[in-house]
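Undergrad: Pasting in a structure now, in structure tokens, and then I'll have a few things to ask.
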Amino acid sequence: MGIEFIYPEFEVIRNDKRCIACRVCERQCANEVHSYDEDNKIMLSDETKCVNCQRCVALCPTRALKIIKSDCQLRENANWQDDTIKEIYKQANSGGVLLSSMGNPKPMPVYWDKILINASQVTNPSIDPLREPMETKVFLGKKPSQVEKDENGQIICQLEPQLELSMPVMFSAMSYGSISYNAHKSLATAARHLGVLYNTGEGGLHEDFYCYGENTIVQVASGRFGVHKDYLEAGAAIEIKMGQGAKPGIGGHLPGTKIVGDVSRTRMIPEGSDAISPAPHHDIYSIEDLRQLVYSLKEATGYKKPIIVKVAAVHNIAAIASGIARSGADIIAIDGFRGGTGAAPTRIRDNVGIPIELALASVDKRLRDEGIRNNVSIVVGGSIRNAADIVKAIALGADACYIATAALLALGCHLCRTCQSGRCNWGIATQRPELVKRLNPEIGCERLVNLMNAWRHEIKELMGGMGINSIEALRGNRLMLRGIGLTDKELEILGISHAGE
Ligand code: SF4
Ligand code: SF4
């Protein structure tokens with residue numbers, strides 16, 4: 001202790017009258033916060049190790065535990081806040097880049113919360129989703145820009161390959177390695193139950209999950225881990241990952257400690273070696289290069305699968321999306337700057353990229369203005385938190401949404417933001433067998449299905465309230481949205497009027 005000491009961020013409050021020294025908390029905490037003092041027959045806490053994952057709180061049989069934020073603060077200073085100073089101490093100690101996980105926690109504007117949804121009154125009756133049909137199915141992929149007929153007047157129905165979703169939601173990329181086998185299994189089985197898709201991320205596809213291929217998006221990232229012909233054939237769609245909202249402009253890094261057993265085999269790299277994806281794809285430096293990869297993947301899979309190109313929401317996203325729409329890709333996935341991750345440099349996560357709401361609105365407008373909106377479907381992610389966010393995203397122009405953090409919360413994640421440590425006490429972001437088994441994939445699947453069914457019902461209610469009975473009729477219908485507390489510029493980019501107008 002001394003110059004290197006930083007007061008712990010959290011305090012463990014143990015109610016000694018309730019504690020029965022059962023040592024459940026000791027067994028449950030992979031961070032080794034709790035221990036038993038045999039001599040004095042009491043439980044002790046080492047708060048320097050606590051990440052506030054709430055596992056002990058949730059499992060303590062007598063509700064004896066509470067984790068609170070420490071009120072031990074440095075002297076108040078508007079310029080030099082407590083967190084900022086402690087980050088400097090940590091870097092002065094280690095000389096390293098600060099790492100964190102999950103999404104940007106800074107108080108940046110959340111535009112979803114400044115957008116309000118319309119409802120029908122008097123002249124345009126609302127629809128009761130319990131009594132009237134309501135369509136939540138969507139198809140992702142290239143659409144014809146007009147109805148075409150053959151020489152006999154018959155409509156030509158040949159479409160480019162499409163993804164069919166029972167509702168406009170998919171589970172976004174989370175690699176096997178960054179999350180556990182049981183977390184992957186929960187996502188894969190839930191996607192099958194729901195009639196949607198989950199995404200392998202860049203870690204390859206474990207052999208046990210090939211049977212979920214129709215509900216799988218297989219990813220091709222710059223590291224090309226686990227990519228081979230059978231893998232490409234296995235999925236219903238292939239996603240080229242160019243960028244990620246939590247860390248735009250940089251590659252990925254899964255530490256060697258997580259590259260064990262099946263993870264190393266699935267990624268096709270040796271055990272214990274760091275899995276480092278380069279920042280760029282080393283064969284892509286232009287839209288023409290991207291087009292080559294898009295068509296190579298189509299060629300390799302017989303032109304049967306839609307190709308998704310995933311990018312982070314960055315400053316010139318509309319122009320980038322326009323290029324992607326001309327590259328032959330069928331779907332553009334845009335990941336906003338609040339998107340989650342298993343590990344990212346803190347400074348990048350908290351300062352690079354733009355909010356998904358602004359990116360989506362400007363991309364949809366640009367593609368419409370250029371007459372190429374039907375060339376591609378748009379999928380957005382990066383902190384989609386509930387059914388209302390989805391309805392707003394569709395009305396702003398998205399075809400579907402990707403969710404990841406919300407899905408992990410359904411699996412038990414408590415957003416402690418320490419996935420990079422590999423000691424996830426909820427069995428999600430870990431490869432340690434004793435932790436992985438804490439997540440029962442059957443229960444995980446059931447909870448994901450429950451969450452999605454609840455959201456599906458809410459989406460129907462919100463649409464019914466607007467007098468709209470299908471996602472197709474809602475898509476890009478910005479008249480259904482109004483802004484509140486936004487500047488003229490923000491309203492202009494979002495393409496919506498202010499509330500009251
Ligand atoms: S789990 Fe609760 S009751 Fe058991 S030792 Fe820990 S604090 Fe005490
Ligand atoms: S997945 Fe686990 S380690 Fe990551 S934030 Fe959630 S609870 Fe914490």
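Each chain in the structure tokens gets a letter, A, B and so on, in the order shown; residues start at 1 in every chain, and ligands are counted from 1 in the order they appear.
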Residues within 7 Å of ligand 2, counting only C-alpha atoms and all ligand atoms: report them as a list in words.

TA: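 Residues lying within 7 Å of ligand 2: Cys53, Ser101, Met102, Gly342, Leu408, Gly412, Cys413, His414, Leu415, Cys416, Arg417, Thr418, Cys419, Arg423, Cys424, Asn425, Trp426, Gly427, Ile428 and Ala429 of chain A.
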
Undergrad: Please write the residues from the selection above to a file, keeping N, CA and C atoms, as a compact mmCIF listing (two decimals), in the first residue's frame.

TA:
```
# COMPACT_ATOMS: atom_id res chain seq x y z
N CYS A 53 -20.64 -7.72 -9.27
CA CYS A 53 -21.41 -8.56 -10.20
C CYS A 53 -22.69 -9.05 -9.55
N SER A 101 -15.16 -3.60 -20.59
CA SER A 101 -16.05 -4.38 -21.46
C SER A 101 -17.45 -3.81 -21.38
N MET A 102 -18.35 -4.44 -22.14
CA MET A 102 -19.72 -3.98 -22.34
C MET A 102 -19.69 -2.57 -22.93
N GLY A 342 -16.73 -7.83 -25.40
CA GLY A 342 -16.10 -8.62 -24.34
C GLY A 342 -14.86 -7.94 -23.78
N LEU A 408 -27.78 -10.87 -23.02
CA LEU A 408 -26.93 -11.34 -21.91
C LEU A 408 -27.58 -11.04 -20.56
N GLY A 412 -28.61 -13.51 -17.26
CA GLY A 412 -28.13 -13.34 -15.88
C GLY A 412 -27.03 -12.30 -15.72
N CYS A 413 -26.53 -11.75 -16.83
CA CYS A 413 -25.48 -10.72 -16.72
C CYS A 413 -25.96 -9.58 -15.83
N HIS A 414 -25.08 -9.09 -14.96
CA HIS A 414 -25.41 -7.96 -14.08
C HIS A 414 -24.59 -6.72 -14.43
N LEU A 415 -24.06 -6.72 -15.65
CA LEU A 415 -23.35 -5.55 -16.20
C LEU A 415 -22.24 -5.02 -15.28
N CYS A 416 -21.45 -5.96 -14.76
CA CYS A 416 -20.34 -5.51 -13.92
C CYS A 416 -19.18 -4.98 -14.76
N ARG A 417 -19.23 -5.21 -16.05
CA ARG A 417 -18.26 -4.68 -17.02
C ARG A 417 -16.83 -5.19 -16.77
N THR A 418 -16.72 -6.46 -16.42
CA THR A 418 -15.37 -7.04 -16.28
C THR A 418 -15.26 -8.34 -17.07
N CYS A 419 -15.95 -8.42 -18.20
CA CYS A 419 -15.91 -9.65 -19.02
C CYS A 419 -14.47 -10.00 -19.39
N ARG A 423 -13.58 -14.06 -15.53
CA ARG A 423 -14.09 -14.62 -14.26
C ARG A 423 -15.56 -14.28 -14.07
N CYS A 424 -16.34 -14.39 -15.14
CA CYS A 424 -17.76 -14.03 -15.05
C CYS A 424 -18.46 -15.00 -14.10
N ASN A 425 -18.95 -14.45 -13.01
CA ASN A 425 -19.60 -15.30 -12.00
C ASN A 425 -20.95 -15.84 -12.45
N TRP A 426 -21.47 -15.31 -13.57
CA TRP A 426 -22.77 -15.76 -14.05
C TRP A 426 -22.63 -16.79 -15.17
N GLY A 427 -21.39 -17.23 -15.44
CA GLY A 427 -21.18 -18.31 -16.41
C GLY A 427 -21.30 -17.87 -17.86
N ILE A 428 -21.23 -16.56 -18.11
CA ILE A 428 -21.45 -16.07 -19.49
C ILE A 428 -20.11 -15.78 -20.18
N ALA A 429 -19.37 -14.78 -19.68
CA ALA A 429 -18.12 -14.38 -20.33
C ALA A 429 -16.94 -15.08 -19.66
```

Undergrad: Contacts between segment 375-386 of chain A and segment 126-224 of chain A, please, where a residue of segment 126-224 of chain A counts if it comes within 12 Å (with only C-alpha atoms); show its shortest atom pair and distance in Å to one decimal, rows by chain and ascending number, as a tab-separated table.

TA:
```
residue	atom	partner	partner_atom	distance
A:Val138	CA	A:Ser377	CA	10.3
A:Phe139	CA	A:Ser377	CA	8.7
A:Leu140	CA	A:Ser377	CA	5.6
A:Gly141	CA	A:Ser377	CA	5.4
A:Lys142	CA	A:Asn375	CA	4.8
A:Lys143	CA	A:Asn375	CA	6.3
A:Pro144	CA	A:Asn375	CA	7.7
A:Ser145	CA	A:Asn375	CA	7.9
A:Gln146	CA	A:Asn375	CA	11.6
A:Leu159	CA	A:Asn375	CA	11.6
A:Glu160	CA	A:Asn375	CA	10.1
A:Pro161	CA	A:Val376	CA	11.6
A:Gln162	CA	A:Ser377	CA	9.9
A:Leu163	CA	A:Ser377	CA	10.2
A:Pro168	CA	A:Val379	CA	9.0
A:Val169	CA	A:Val379	CA	8.9
A:Met170	CA	A:Val379	CA	9.0
A:Phe171	CA	A:Gly381	CA	9.6
A:Ser172	CA	A:Gly381	CA	7.8
A:Ala173	CA	A:Gly381	CA	10.3
```

Undergrad: Give the residue list for ligand 1 at 12 Å, counting only C-alpha atoms and all ligand atoms, as number ranges by chain, sorted by chain and then by residue number.

TA: A: 12-29, 33-37, 41-45, 54-67

Undergrad: So that I can check the secondary structure, give me every residue of segment 236-404 of chain A assigned strand (DSSP E or B) by backbone DSSP, as a PyMOL selection string.

TA: chain A and resi 237-241+252-254+275-277+307-312+331-335+344-345+377-381+400-403

Undergrad: Restricting the calculation to only C-alpha atoms, which member of A:Asn79, A:Gln121, A:Thr136, A:Thr266 is positioned closest to Ile459 of chain A?

TA: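 Ranking A:Asn79, A:Gln121, A:Thr136, A:Thr266 by distance to Ile459 of chain A, first place goes to A:Thr136.
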
Undergrad: A:Ile356, A:Ile348, A:Ile88, A:Ile68: which is nearest Tyr402 of chain A, counting only C-alpha atoms?

TA: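 The closest residue to Tyr402 of chain A is A:Ile356.
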
Undergrad: Within 6 Å of Gly201 of chain A, counting only C-alpha atoms, which residues qualify if same-chain residues fewer than 5 places away don't, as JSON, numbers by chain?

TA: {"A": [173, 174, 175, 219]}

Undergrad: I'd like to know which residues of segment 245-460 of chain A are alpha helix (DSSP H) (by DSSP, run on the backbone); could you write them as number ranges by chain?

TA: A: 261-267, 287-300, 317-325, 346-351, 356-369, 387-396, 405-410, 433-436, 441-460

Undergrad: Point out the residue among A:Leu165, A:Ala119, A:Ala78, A:Ile390 with the least atom-to-atom distance to Gly195 of chain A, counting only C-alpha atoms.

TA: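 Checking each candidate against Gly195 of chain A, we get A:Leu165 as the closest.
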